[in-house]
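Colleague: Following this line is upload-v7.cif, made up of mmCIF, C-alpha atoms:
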```cif
data_run
loop_
_atom_site.label_atom_id
_atom_site.label_comp_id
_atom_site.auth_asym_id
_atom_site.auth_seq_id
_atom_site.Cartn_x
_atom_site.Cartn_y
_atom_site.Cartn_z
CA MET A 1 0.00 0.00 0.00
CA ALA A 2 2.76 2.41 0.95
CA LYS A 3 4.57 1.59 -2.28
CA HIS A 4 1.52 2.48 -4.37
CA LEU A 5 1.04 5.76 -2.46
CA ALA A 6 4.66 6.69 -3.09
CA GLN A 7 4.27 5.97 -6.80
CA LEU A 8 1.15 8.15 -6.95
CA LEU A 9 2.94 10.95 -5.13
CA VAL A 10 5.88 10.85 -7.54
CA ALA A 11 3.54 10.80 -10.55
CA GLY A 12 1.62 13.78 -9.14
CA VAL A 13 4.81 15.78 -8.61
CA GLN A 14 5.90 15.04 -12.18
CA VAL A 15 2.56 16.18 -13.60
CA VAL A 16 2.57 19.40 -11.57
CA GLY A 17 6.19 20.01 -12.50
CA ARG A 18 5.52 19.67 -16.22
CA ALA A 19 2.49 21.97 -15.97
CA PHE A 20 4.56 24.56 -14.09
CA VAL A 21 7.36 24.46 -16.69
CA LYS A 22 4.84 24.83 -19.51
CA ALA A 23 3.15 27.80 -17.79
CA LEU A 24 6.54 29.39 -17.10
CA ARG A 25 7.55 29.07 -20.74
CA GLN A 26 4.29 30.64 -21.83
CA GLU A 27 4.77 33.51 -19.36
CA ILE A 28 8.32 34.13 -20.59
CA ALA A 29 7.20 34.06 -24.23
CA ALA A 30 4.38 36.51 -23.47
CA SER A 31 6.75 38.84 -21.61
CA GLN A 32 9.25 38.78 -24.47
CA ALA A 33 6.50 39.53 -27.00
CA ALA A 34 5.22 42.41 -24.87
CA ALA A 35 8.76 43.78 -24.52
CA GLN A 36 9.26 43.68 -28.28
CA ARG A 37 5.98 45.49 -28.85
CA ALA A 38 7.16 48.18 -26.45
CA GLY A 39 10.29 48.75 -28.52
CA GLY A 40 12.76 46.35 -26.90
CA GLY A 41 15.78 47.33 -24.83
CA ALA A 42 15.31 49.28 -21.61
CA ALA A 43 11.83 50.46 -22.61
CA GLY A 44 10.72 46.90 -23.25
CA ALA A 45 12.12 45.67 -19.95
CA LYS A 46 10.36 48.47 -18.07
CA HIS A 47 7.10 47.64 -19.87
CA SER A 48 7.41 43.95 -18.96
CA ALA A 49 8.21 44.75 -15.32
CA THR A 50 5.14 46.94 -15.09
CA ASN A 51 2.99 44.11 -16.43
CA GLN A 52 4.32 41.74 -13.77
CA ARG A 53 3.52 44.16 -10.98
CA LEU A 54 -0.01 44.74 -12.24
CA GLY A 55 -0.78 41.12 -13.02
CA MET A 56 -1.98 42.19 -16.49
CA SER A 57 -0.61 43.96 -19.54
CA LEU A 58 -0.96 47.72 -19.89
CA GLU A 59 -2.97 47.08 -23.07
CA GLU A 60 -5.41 44.93 -21.08
CA ALA A 61 -5.68 47.62 -18.41
CA LYS A 62 -6.52 50.25 -21.03
CA GLN A 63 -9.12 47.99 -22.59
CA ILE A 64 -10.71 47.19 -19.23
CA LEU A 65 -10.86 50.86 -18.21
CA ASN A 66 -11.98 52.02 -21.67
CA VAL A 67 -9.25 54.67 -21.94
CA GLU A 68 -6.53 55.28 -24.49
CA GLU A 69 -3.98 56.23 -21.83
CA LEU A 70 -3.77 55.36 -18.13
CA ASP A 71 -4.58 58.90 -17.06
CA ILE A 72 -5.52 59.04 -13.36
CA GLU A 73 -7.80 62.07 -13.82
CA ARG A 74 -9.66 60.45 -16.71
CA ILE A 75 -10.08 57.17 -14.80
CA HIS A 76 -11.32 59.02 -11.71
CA LYS A 77 -13.85 60.94 -13.81
CA ASN A 78 -15.16 57.77 -15.49
CA TYR A 79 -15.57 55.83 -12.24
CA GLU A 80 -16.09 58.56 -9.66
CA TYR A 81 -19.06 56.83 -8.06
CA LEU A 82 -16.94 53.72 -7.44
CA PHE A 83 -14.30 55.79 -5.68
CA ASN A 84 -17.00 57.16 -3.40
CA ILE A 85 -18.38 53.68 -2.70
CA ASN A 86 -14.91 52.34 -1.87
CA ASP A 87 -14.11 55.29 0.41
CA LYS A 88 -14.16 53.91 3.96
CA SER A 89 -14.53 57.43 5.38
CA LYS A 90 -17.91 57.56 3.59
CA GLY A 91 -19.03 54.18 4.85
CA GLY A 92 -17.95 52.23 1.77
CA SER A 93 -16.00 49.01 1.59
CA PHE A 94 -13.57 47.72 -1.01
CA TYR A 95 -14.14 44.33 -2.63
CA ILE A 96 -12.32 42.77 -5.56
CA GLN A 97 -12.77 39.39 -7.19
CA SER A 98 -9.48 37.64 -7.90
CA LYS A 99 -10.82 35.67 -10.86
CA MET A 100 -13.21 36.46 -13.66
CA PRO A 101 -14.53 34.50 -16.68
CA MET A 102 -13.14 35.59 -20.01
CA GLU A 103 -13.83 33.61 -23.18
CA GLY A 104 -14.05 30.32 -21.34
CA ARG A 105 -10.82 30.54 -19.36
CA GLN A 106 -9.59 32.10 -16.14
CA GLN A 107 -7.72 35.36 -16.52
CA ARG A 108 -5.62 36.86 -13.75
CA VAL A 109 -6.68 40.31 -12.63
CA GLY A 110 -4.08 42.44 -10.91
CA VAL A 111 -4.86 45.35 -8.63
CA LEU A 112 -4.10 48.60 -10.41
CA ALA A 113 -2.78 51.65 -8.66
CA VAL A 114 -6.41 52.76 -8.70
CA SER A 115 -8.28 49.97 -6.92
CA SER A 116 -11.78 51.08 -7.92
CA ALA A 117 -10.75 51.12 -11.57
CA ALA A 118 -9.78 47.45 -11.42
CA HIS A 119 -13.09 46.81 -9.67
CA MET A 120 -14.94 48.50 -12.52
CA GLY A 121 -12.87 46.62 -15.09
CA MET A 122 -14.28 43.31 -13.95
CA LEU A 123 -17.82 44.61 -14.12
CA ALA A 124 -17.32 46.00 -17.61
CA ARG A 125 -15.85 42.78 -19.01
CA GLU A 126 -18.18 40.35 -17.25
CA THR A 127 -20.31 38.25 -19.57
CA MET A 128 -23.27 36.04 -18.85
CA PRO A 129 -24.27 33.62 -21.60
CA LEU A 130 -27.69 32.05 -21.14
CA ASN A 131 -27.69 28.69 -22.89
CA SER A 132 -31.32 27.87 -22.21
CA ILE A 133 -34.40 29.51 -20.76
CA SER A 134 -34.72 26.74 -18.20
CA ALA A 135 -31.19 27.13 -16.85
CA TRP A 136 -30.46 30.84 -16.56
CA GLN A 137 -27.49 31.65 -14.36
CA THR A 138 -27.23 35.13 -12.89
CA ARG A 139 -23.51 35.31 -12.14
CA SER A 140 -22.27 38.64 -10.83
CA TYR A 141 -18.86 39.79 -9.71
CA ALA A 142 -18.50 42.68 -7.26
CA THR A 143 -21.98 43.88 -8.20
CA SER A 144 -22.62 45.31 -4.75
CA SER A 145 -21.18 48.59 -6.03
CA LEU A 146 -24.28 49.33 -8.11
CA THR A 147 -26.75 51.57 -6.33
CA TRP A 148 -30.04 53.03 -7.50
CA ASP A 149 -28.36 56.41 -7.81
CA ALA A 150 -25.83 54.96 -10.28
CA VAL A 151 -28.20 53.06 -12.58
CA LEU A 152 -28.07 55.75 -15.27
CA SER A 153 -24.33 56.37 -14.89
CA GLU A 154 -22.11 56.14 -17.95
CA ALA A 155 -20.21 53.20 -16.46
CA ASN A 156 -23.39 51.20 -15.88
CA ARG A 157 -24.66 52.14 -19.32
CA LYS A 158 -21.58 50.65 -20.96
CA ARG A 159 -21.82 47.51 -18.87
CA CYS A 160 -25.52 47.12 -19.68
CA ILE A 161 -25.00 47.52 -23.43
CA SER A 162 -22.18 44.98 -23.35
CA ARG A 163 -24.26 42.39 -21.54
CA MET A 164 -27.63 42.75 -23.30
CA GLU A 165 -26.65 41.23 -26.63
CA LYS A 166 -24.70 38.43 -24.95
CA ILE A 167 -27.73 37.01 -23.16
CA ILE A 168 -28.85 34.29 -25.54
CA VAL A 169 -32.18 32.53 -25.12
CA SER A 170 -32.44 28.82 -25.96
CA LYS A 171 -31.48 28.09 -29.56
CA LYS A 172 -34.05 25.31 -29.60
CA PHE A 173 -36.68 27.85 -30.63
CA GLY A 174 -35.13 27.87 -34.10
CA HIS A 175 -33.61 30.49 -36.37
CA ASP A 176 -35.74 30.23 -39.50
CA PHE A 177 -37.07 33.77 -39.19
CA HIS A 178 -39.05 35.17 -42.09
CA LYS A 179 -40.14 38.39 -40.38
CA PHE A 180 -38.44 40.90 -38.11
CA ALA A 181 -39.85 43.15 -35.42
CA ALA A 182 -38.65 45.48 -32.66
CA VAL A 183 -40.15 46.98 -29.52
CA LEU A 184 -39.01 50.03 -27.58
CA VAL A 185 -38.20 49.31 -23.93
CA PRO A 186 -38.76 52.83 -22.54
CA MET A 187 -37.03 53.69 -19.28
CA CYS A 188 -38.17 56.98 -17.83
CA HIS A 189 -38.72 58.85 -14.60
CA VAL A 190 -42.38 58.92 -13.54
CA ASP A 191 -43.17 60.85 -10.36
CA GLY A 192 -39.47 60.71 -9.46
CA GLU A 193 -39.23 56.90 -9.82
CA LEU A 194 -37.14 55.23 -12.52
CA SER A 195 -39.73 53.16 -14.37
CA MET A 196 -40.68 51.35 -17.55
CA LEU A 197 -43.60 52.36 -19.76
CA LEU A 198 -45.92 49.62 -21.02
CA THR A 199 -49.08 49.60 -23.09
CA VAL A 200 -52.28 47.54 -23.17
CA ARG A 201 -53.30 46.75 -26.74
CA CYS A 202 -56.88 47.30 -27.89
CA ARG A 203 -59.00 44.21 -27.37
CA ASN A 204 -60.47 44.26 -30.88
CA LEU A 205 -57.07 43.77 -32.53
CA ASN A 206 -56.56 40.48 -34.38
CA SER A 207 -53.00 40.15 -33.06
CA HIS A 208 -52.27 40.17 -29.30
CA GLY A 209 -55.51 41.99 -28.48
CA GLY A 210 -55.79 43.05 -24.82
CA GLU A 211 -52.23 42.02 -24.02
CA VAL A 212 -49.58 44.01 -22.13
CA CYS A 213 -46.64 44.90 -24.34
CA PHE A 214 -44.03 47.48 -25.20
CA PRO A 215 -44.69 49.86 -28.10
CA GLY A 216 -43.35 48.29 -31.28
CA GLY A 217 -44.16 46.28 -34.35
CA MET A 218 -42.98 44.76 -37.62
CA ALA A 219 -40.10 46.25 -39.60
CA ASN A 220 -40.93 48.18 -42.76
CA VAL A 221 -38.81 48.52 -45.87
CA GLU A 222 -38.55 52.24 -45.11
CA ASP A 223 -36.83 51.60 -41.77
CA ASN A 224 -33.06 51.97 -41.72
CA ASP A 225 -32.71 49.34 -39.00
CA LEU A 226 -34.62 47.78 -36.09
CA VAL A 227 -33.87 50.77 -33.85
CA ASP A 228 -35.66 52.90 -36.42
CA THR A 229 -38.53 50.39 -36.36
CA ALA A 230 -38.92 50.65 -32.58
CA LEU A 231 -38.77 54.46 -32.64
CA ARG A 232 -41.28 54.75 -35.48
CA GLU A 233 -43.75 52.41 -33.80
CA ALA A 234 -43.38 54.15 -30.41
CA GLU A 235 -44.04 57.51 -32.04
CA GLU A 236 -47.14 56.17 -33.77
CA GLU A 237 -48.55 54.28 -30.77
CA ILE A 238 -47.84 56.56 -27.78
CA GLY A 239 -46.67 59.86 -29.30
CA ILE A 240 -43.00 59.65 -28.23
CA ASP A 241 -40.76 62.10 -30.11
CA ARG A 242 -38.15 59.83 -31.69
CA TYR A 243 -35.60 62.62 -31.68
CA ASN A 244 -35.72 62.98 -27.89
CA VAL A 245 -34.91 59.35 -27.13
CA ASP A 246 -31.57 58.21 -25.75
CA ILE A 247 -30.92 54.75 -27.23
CA TRP A 248 -28.85 52.40 -25.04
CA GLY A 249 -28.77 49.07 -26.87
CA MET A 250 -30.66 46.01 -28.07
CA THR A 251 -31.34 42.54 -26.76
CA ALA A 252 -30.27 39.52 -28.77
CA PRO A 253 -32.98 38.26 -31.18
CA LEU A 254 -35.92 36.55 -29.47
CA SER A 255 -38.45 34.25 -31.09
CA SER A 256 -42.15 35.07 -31.36
CA LYS A 257 -44.74 32.55 -30.15
CA LEU A 258 -45.09 31.07 -33.63
CA GLY A 259 -41.33 30.95 -34.13
CA ASP A 260 -41.32 32.74 -37.50
CA THR A 261 -40.52 36.27 -36.27
CA SER A 262 -37.33 37.63 -34.73
CA VAL A 263 -38.08 40.25 -32.07
CA ARG A 264 -35.51 42.57 -30.51
CA GLY A 265 -35.98 44.87 -27.54
CA VAL A 266 -34.47 48.35 -27.89
CA LEU A 267 -33.62 49.81 -24.47
CA ALA A 268 -33.88 53.60 -24.28
CA TYR A 269 -34.17 56.41 -21.73
CA LEU A 270 -36.89 59.04 -22.25
CA GLY A 271 -36.23 61.39 -19.34
CA HIS A 272 -39.11 62.58 -17.14
CA ILE A 273 -42.50 61.51 -18.50
CA ASP A 274 -46.12 62.13 -17.55
CA PRO A 275 -47.95 59.07 -18.95
CA SER A 276 -51.31 60.87 -18.86
CA ALA A 277 -49.94 63.52 -21.24
CA LEU A 278 -48.94 61.05 -23.96
CA LYS A 279 -51.01 60.89 -27.14
CA LEU A 280 -52.16 57.30 -27.66
CA CYS A 281 -53.18 55.76 -30.96
CA GLU A 282 -56.82 54.82 -30.28
CA ASP A 283 -56.80 52.11 -32.95
CA GLU A 284 -53.94 50.20 -31.30
CA VAL A 285 -53.44 51.25 -27.68
CA GLU A 286 -56.14 50.96 -25.04
CA SER A 287 -54.07 52.38 -22.17
CA ILE A 288 -50.55 53.03 -20.95
CA PHE A 289 -49.03 52.55 -17.51
CA ALA A 290 -45.66 52.77 -15.75
CA VAL A 291 -44.02 50.21 -13.45
CA SER A 292 -41.07 51.27 -11.31
CA LEU A 293 -37.85 49.29 -11.60
CA LYS A 294 -37.89 48.86 -7.82
CA SER A 295 -41.27 47.14 -8.10
CA LEU A 296 -39.95 44.85 -10.83
CA CYS A 297 -36.97 43.99 -8.62
CA ASN A 298 -39.14 43.26 -5.57
CA SER A 299 -39.09 39.49 -4.99
CA GLN A 300 -42.71 39.64 -3.79
CA ASN A 301 -43.73 40.77 -7.29
CA THR A 302 -41.79 38.18 -9.30
CA ARG A 303 -43.17 34.80 -10.35
CA GLN A 304 -42.74 32.35 -13.19
CA THR A 305 -44.86 30.28 -15.57
CA GLN A 306 -43.83 26.96 -17.10
CA PHE A 307 -44.99 25.99 -20.58
CA ARG A 308 -45.11 22.81 -22.62
CA SER A 309 -43.85 22.91 -26.18
CA VAL A 310 -43.77 20.54 -29.15
CA LYS A 311 -40.46 22.07 -30.24
CA ILE A 312 -39.00 21.81 -26.72
CA PRO A 313 -40.11 18.50 -25.13
CA LYS A 314 -38.88 19.53 -21.67
CA GLY A 315 -40.89 22.74 -21.89
CA PHE A 316 -39.65 26.18 -20.94
CA THR A 317 -40.07 28.70 -18.13
CA MET A 318 -40.92 32.40 -18.44
CA PRO A 319 -41.00 35.21 -15.85
CA VAL A 320 -44.19 36.87 -14.62
CA TYR A 321 -44.47 40.23 -12.81
CA ILE A 322 -47.52 40.73 -10.59
CA GLY A 323 -46.68 44.12 -9.07
CA SER A 324 -48.86 45.98 -11.58
CA TYR A 325 -52.33 45.70 -13.02
CA PRO A 326 -52.56 44.05 -15.41
CA ARG A 327 -49.74 41.64 -14.66
CA ILE A 328 -46.88 41.29 -17.13
CA TRP A 329 -46.08 37.95 -18.76
CA GLY A 330 -45.06 36.37 -22.06
CA LEU A 331 -42.44 37.81 -24.39
CA THR A 332 -42.77 41.25 -22.77
CA ALA A 333 -41.83 39.79 -19.37
CA LEU A 334 -38.91 37.94 -20.95
CA ILE A 335 -37.57 41.18 -22.46
CA ILE A 336 -37.90 42.86 -19.04
CA HIS A 337 -36.06 39.96 -17.40
CA ILE A 338 -33.16 40.17 -19.86
CA THR A 339 -33.03 43.96 -19.53
CA LEU A 340 -32.98 43.94 -15.73
CA ILE A 341 -30.25 41.26 -15.61
CA SER A 342 -28.13 43.54 -17.80
CA LEU A 343 -29.10 46.87 -16.24
CA LEU A 344 -29.34 46.05 -12.53
CA PRO A 345 -26.80 43.36 -11.53
CA GLY A 346 -27.03 42.88 -7.78
CA LEU A 347 -30.29 44.82 -7.52
CA TYR A 348 -32.34 42.43 -9.64
CA THR A 349 -32.01 38.88 -8.30
CA HIS A 350 -34.98 36.98 -9.78
CA LYS A 351 -33.98 33.55 -11.10
CA LEU A 352 -36.08 31.09 -13.07
CA LEU A 353 -36.32 27.53 -11.79
CA HIS A 354 -37.43 25.00 -14.38
CA LEU A 355 -39.23 22.03 -12.84
CA PRO A 356 -39.00 18.59 -14.48
CA SER A 357 -42.19 16.96 -15.77
CA LEU A 358 -43.88 14.67 -13.28
CA THR A 359 -44.04 11.97 -15.96
CA ASN A 360 -40.23 11.91 -16.09
CA ILE A 361 -39.72 11.51 -12.34
#
```
Show this structure as structure tokens.

Modeller:
Amino acid sequence: MAKHLAQLLVAGVQVVGRAFVKALRQEIAASQAAAQRAGGGAAGAKHSATNQRLGMSLEEAKQILNVEELDIERIHKNYEYLFNINDKSKGGSFYIQSKMPMEGRQQRVGVLAVSSAAHMGMLARETMPLNSISAWQTRSYATSSLTWDAVLSEANRKRCISRMEKIIVSKKFGHDFHKFAAVLVPMCHVDGELSMLLTVRCRNLNSHGGEVCFPGGMANVEDNDLVDTALREAEEEIGIDRYNVDIWGMTAPLSSKLGDTSVRGVLAYLGHIDPSALKLCEDEVESIFAVSLKSLCNSQNTRQTQFRSVKIPKGFTMPVYIGSYPRIWGLTALIIHITLISLLPGLYTHKLLHLPSLTNI
């Protein structure tokens, strides 16, 4: 027995040793390449030494911080709210994650001279692929820094835009789209609360009559793109001036109920809005209402509905929001769910739990 343990120990040491040598060679090769890019000689050596101290290359640091040069004033301006949060004299606390996912592998993250900037770098580069509706994972790194006061900050805007298109719904719905549509996801301040505007469609409509939805519709040949589609439809349905809309970004394509139409949500900020003052299209919109983001994030207002599907034998699960009347469900609720995951990491914590069929237990 002791002999076998000794053999295993020796084999383990050899494996670890070979892995260490391989990693060391890779590190040396990377350092030499970085030094050559920096011009070689003393300048290259200084560049390489800086990379070792930071735990990342200067190029990576610039990319993470979204700056062309590592200018302390520029970094402080971009991430001022993080500096305030990490200031212990103001009641803040510093937190940094030592690892982060990046293209399927673990990437070392060094602490920059500006700690909050490194903190923000992880948030900006975090991705969250969703491989299926029934198995959504809401993975967040150092998201405690986001506060309600910072939701509309430029840093959070960039992070939100980056994440929205990376959230992919199950590919089992198919990709054979023959038609394309877009809806405007209007963020706005209503009575001082950051909210979303939604409409109730007229009940006599042949398509989605009486349902809660965002303003939007099918793309026309006159539209330049799907953003133009969403703006045109919102202007027609609820009287929003398309030229006073701040576009943030779009969700990845989502499938309609029939599976033949690709639908994309276009997130935008409208400023301060009085819903009662909007001019509704009487032929399409029965009413309009606002739901605060805080209400949508309240766990007491979040539910889910599980569906059966011929295309997806295991079925699929969709979110439901009951904090408003009427309640919000279907594709509209799914777009809200994707938006809030991207916009409010740490503040929005609703997760979908897909239950197996009783016949399979």

Colleague: Suppose a student applies the PyMOL selection byres ((chain A and resi 295-303) around 8) to this structure; what residues should they get, written as a list in words?

Modeller: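 Applying the PyMOL selection byres ((chain A and resi 295-303) around 8) to the structure shown produces Val291, Ser292, Leu293, Lys294, Gln304, Thr305, Pro319, Val320, Tyr321, Ile322, Gly323, Leu347, Tyr348, Thr349 and His350 of chain A.
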
Colleague: Compare A:Leu352, A:Ile238, A:Ile167, A:Leu194 by their minimum atom-to-atom distance to Glu286 of chain A, counting only C-alpha atoms, and give me the closest one.

Modeller: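 Under the stated criterion, the closest residue is A:Ile238.
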
Colleague: Ranking A:Cys188, A:Val285, A:Val183, A:Ala219 by minimum distance to Glu237 of chain A and counting all atoms listed in the file, which one comes first?

Modeller: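 Closest to Glu237 of chain A of all the choices is A:Val285.
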
Colleague: Which residues are near Phe289 of chain A? Cut-off 7 Å, only C-alpha atoms, ignore same chain within fewer than 4 positions. Put them as JSON, numbers by chain.

Modeller: {"A": [197, 198, 199, 275]}

Colleague: Since we have the selection now, will you write its residues out, keeping C-alpha atoms, as a PDB file, keeping the file's coordinate frame?

Modeller:
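The new file selection_0.pdb reads:
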```pdb
ATOM      1  CA  LEU A 197     -43.600  52.360 -19.760  1.00  0.00           C
ATOM      2  CA  LEU A 198     -45.920  49.620 -21.020  1.00  0.00           C
ATOM      3  CA  THR A 199     -49.080  49.600 -23.090  1.00  0.00           C
ATOM      4  CA  PRO A 275     -47.950  59.070 -18.950  1.00  0.00           C
TER       5      PRO A 275
END
```

Colleague: Nearest residue to Ser287 of chain A out of A:Glu235, A:Asp260, A:Glu211, A:Glu154, using only C-alpha atoms?

Modeller: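 Using only C-alpha atoms, the shortest distance to Ser287 of chain A belongs to A:Glu211.
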
Colleague: One decimal, Å: what's the distance from atom CA of Asp149 of chain A over to atom CA of Leu340 of chain A, could you say?

Modeller: 15.5 Å

Colleague: Quote the spacing between atom CA of Ala234 of chain A and atom CA of Ile288 of chain A in Å to one decimal place.

Modeller: 11.9 Å

Colleague: What does the distance between atom CA of Gly210 of chain A and atom CA of Lys179 of chain A come to in Å, to one decimal place?

Modeller: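 A separation of 22.6 Å between them.
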
Colleague: Report the centre and edge lengths, in Å to one decimal, of an axis-aligned box enclosing every atom of segment 272-289 of chain A listed in the file, padded by 8 Å on each side, as lines of an AutoDock Vina configuration file.

Modeller:
```
center_x = -48.0
center_y = 56.9
center_z = -25.0
size_x = 33.7
size_y = 29.3
size_z = 31.8
```

Colleague: Would you translate the PyMOL selection byres ((chain A and resi 342-344) around 8) into the concrete set of residues it matches in this file, as a ChimeraX atom specification?

Modeller: /A:146,151,156-157,159-161,163-164,338-341,345-348

Colleague: Go ahead and write the residues just picked, C-alpha atoms, as a short mmCIF file (atom, residue, chain, number, x, y, z; two decimals), in the frame of the given file.

Modeller:
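The resulting selection_15.cif:
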```cif
data_model
loop_
_atom_site.label_atom_id
_atom_site.label_comp_id
_atom_site.auth_asym_id
_atom_site.auth_seq_id
_atom_site.Cartn_x
_atom_site.Cartn_y
_atom_site.Cartn_z
CA LEU A 146 -24.28 49.33 -8.11
CA VAL A 151 -28.20 53.06 -12.58
CA ASN A 156 -23.39 51.20 -15.88
CA ARG A 157 -24.66 52.14 -19.32
CA ARG A 159 -21.82 47.51 -18.87
CA CYS A 160 -25.52 47.12 -19.68
CA ILE A 161 -25.00 47.52 -23.43
CA ARG A 163 -24.26 42.39 -21.54
CA MET A 164 -27.63 42.75 -23.30
CA ILE A 338 -33.16 40.17 -19.86
CA THR A 339 -33.03 43.96 -19.53
CA LEU A 340 -32.98 43.94 -15.73
CA ILE A 341 -30.25 41.26 -15.61
CA PRO A 345 -26.80 43.36 -11.53
CA GLY A 346 -27.03 42.88 -7.78
CA LEU A 347 -30.29 44.82 -7.52
CA TYR A 348 -32.34 42.43 -9.64
#
```

Colleague: Hey, what comes out of the PyMOL selection byres ((chain A and resi 218) around 10) on this file? Could you write it as a compact mmCIF listing (two decimals) with C-alpha atoms, keeping the file's coordinate frame?

Modeller:
```txt
# COMPACT_ATOMS: atom_id res chain seq x y z
CA LYS A 179 -40.14 38.39 -40.38
CA PHE A 180 -38.44 40.90 -38.11
CA ALA A 181 -39.85 43.15 -35.42
CA ALA A 182 -38.65 45.48 -32.66
CA VAL A 183 -40.15 46.98 -29.52
CA GLY A 216 -43.35 48.29 -31.28
CA GLY A 217 -44.16 46.28 -34.35
CA ALA A 219 -40.10 46.25 -39.60
CA ASN A 220 -40.93 48.18 -42.76
CA VAL A 221 -38.81 48.52 -45.87
CA LEU A 226 -34.62 47.78 -36.09
CA THR A 229 -38.53 50.39 -36.36
CA ALA A 230 -38.92 50.65 -32.58
CA GLU A 233 -43.75 52.41 -33.80
CA THR A 261 -40.52 36.27 -36.27
CA SER A 262 -37.33 37.63 -34.73
CA VAL A 263 -38.08 40.25 -32.07
```

Colleague: Taking all atoms listed in the file into account, name the residue in A:Leu152, A:Val169, A:Ile328, A:Met187 that is nearest to Leu267 of chain A.

Modeller: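 Ranking A:Leu152, A:Val169, A:Ile328, A:Met187 by distance to Leu267 of chain A, first place goes to A:Met187.
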
Colleague: Using all atoms listed in the file, which of the listed residues (A:Pro253, A:Gly330, A:Gly192, A:Gly259) sits closest to Met318 of chain A?

Modeller: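 Nearest to Met318 of chain A: A:Gly330.
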
Colleague: Kindly indicate which residue among A:Glu236, A:Asp241, A:Glu222, A:Asp228 lies nearest to Ile273 of chain A, using only C-alpha atoms for the distances.

Modeller: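 Residue with the minimum atom-to-atom distance to Ile273 of chain A: A:Asp241.
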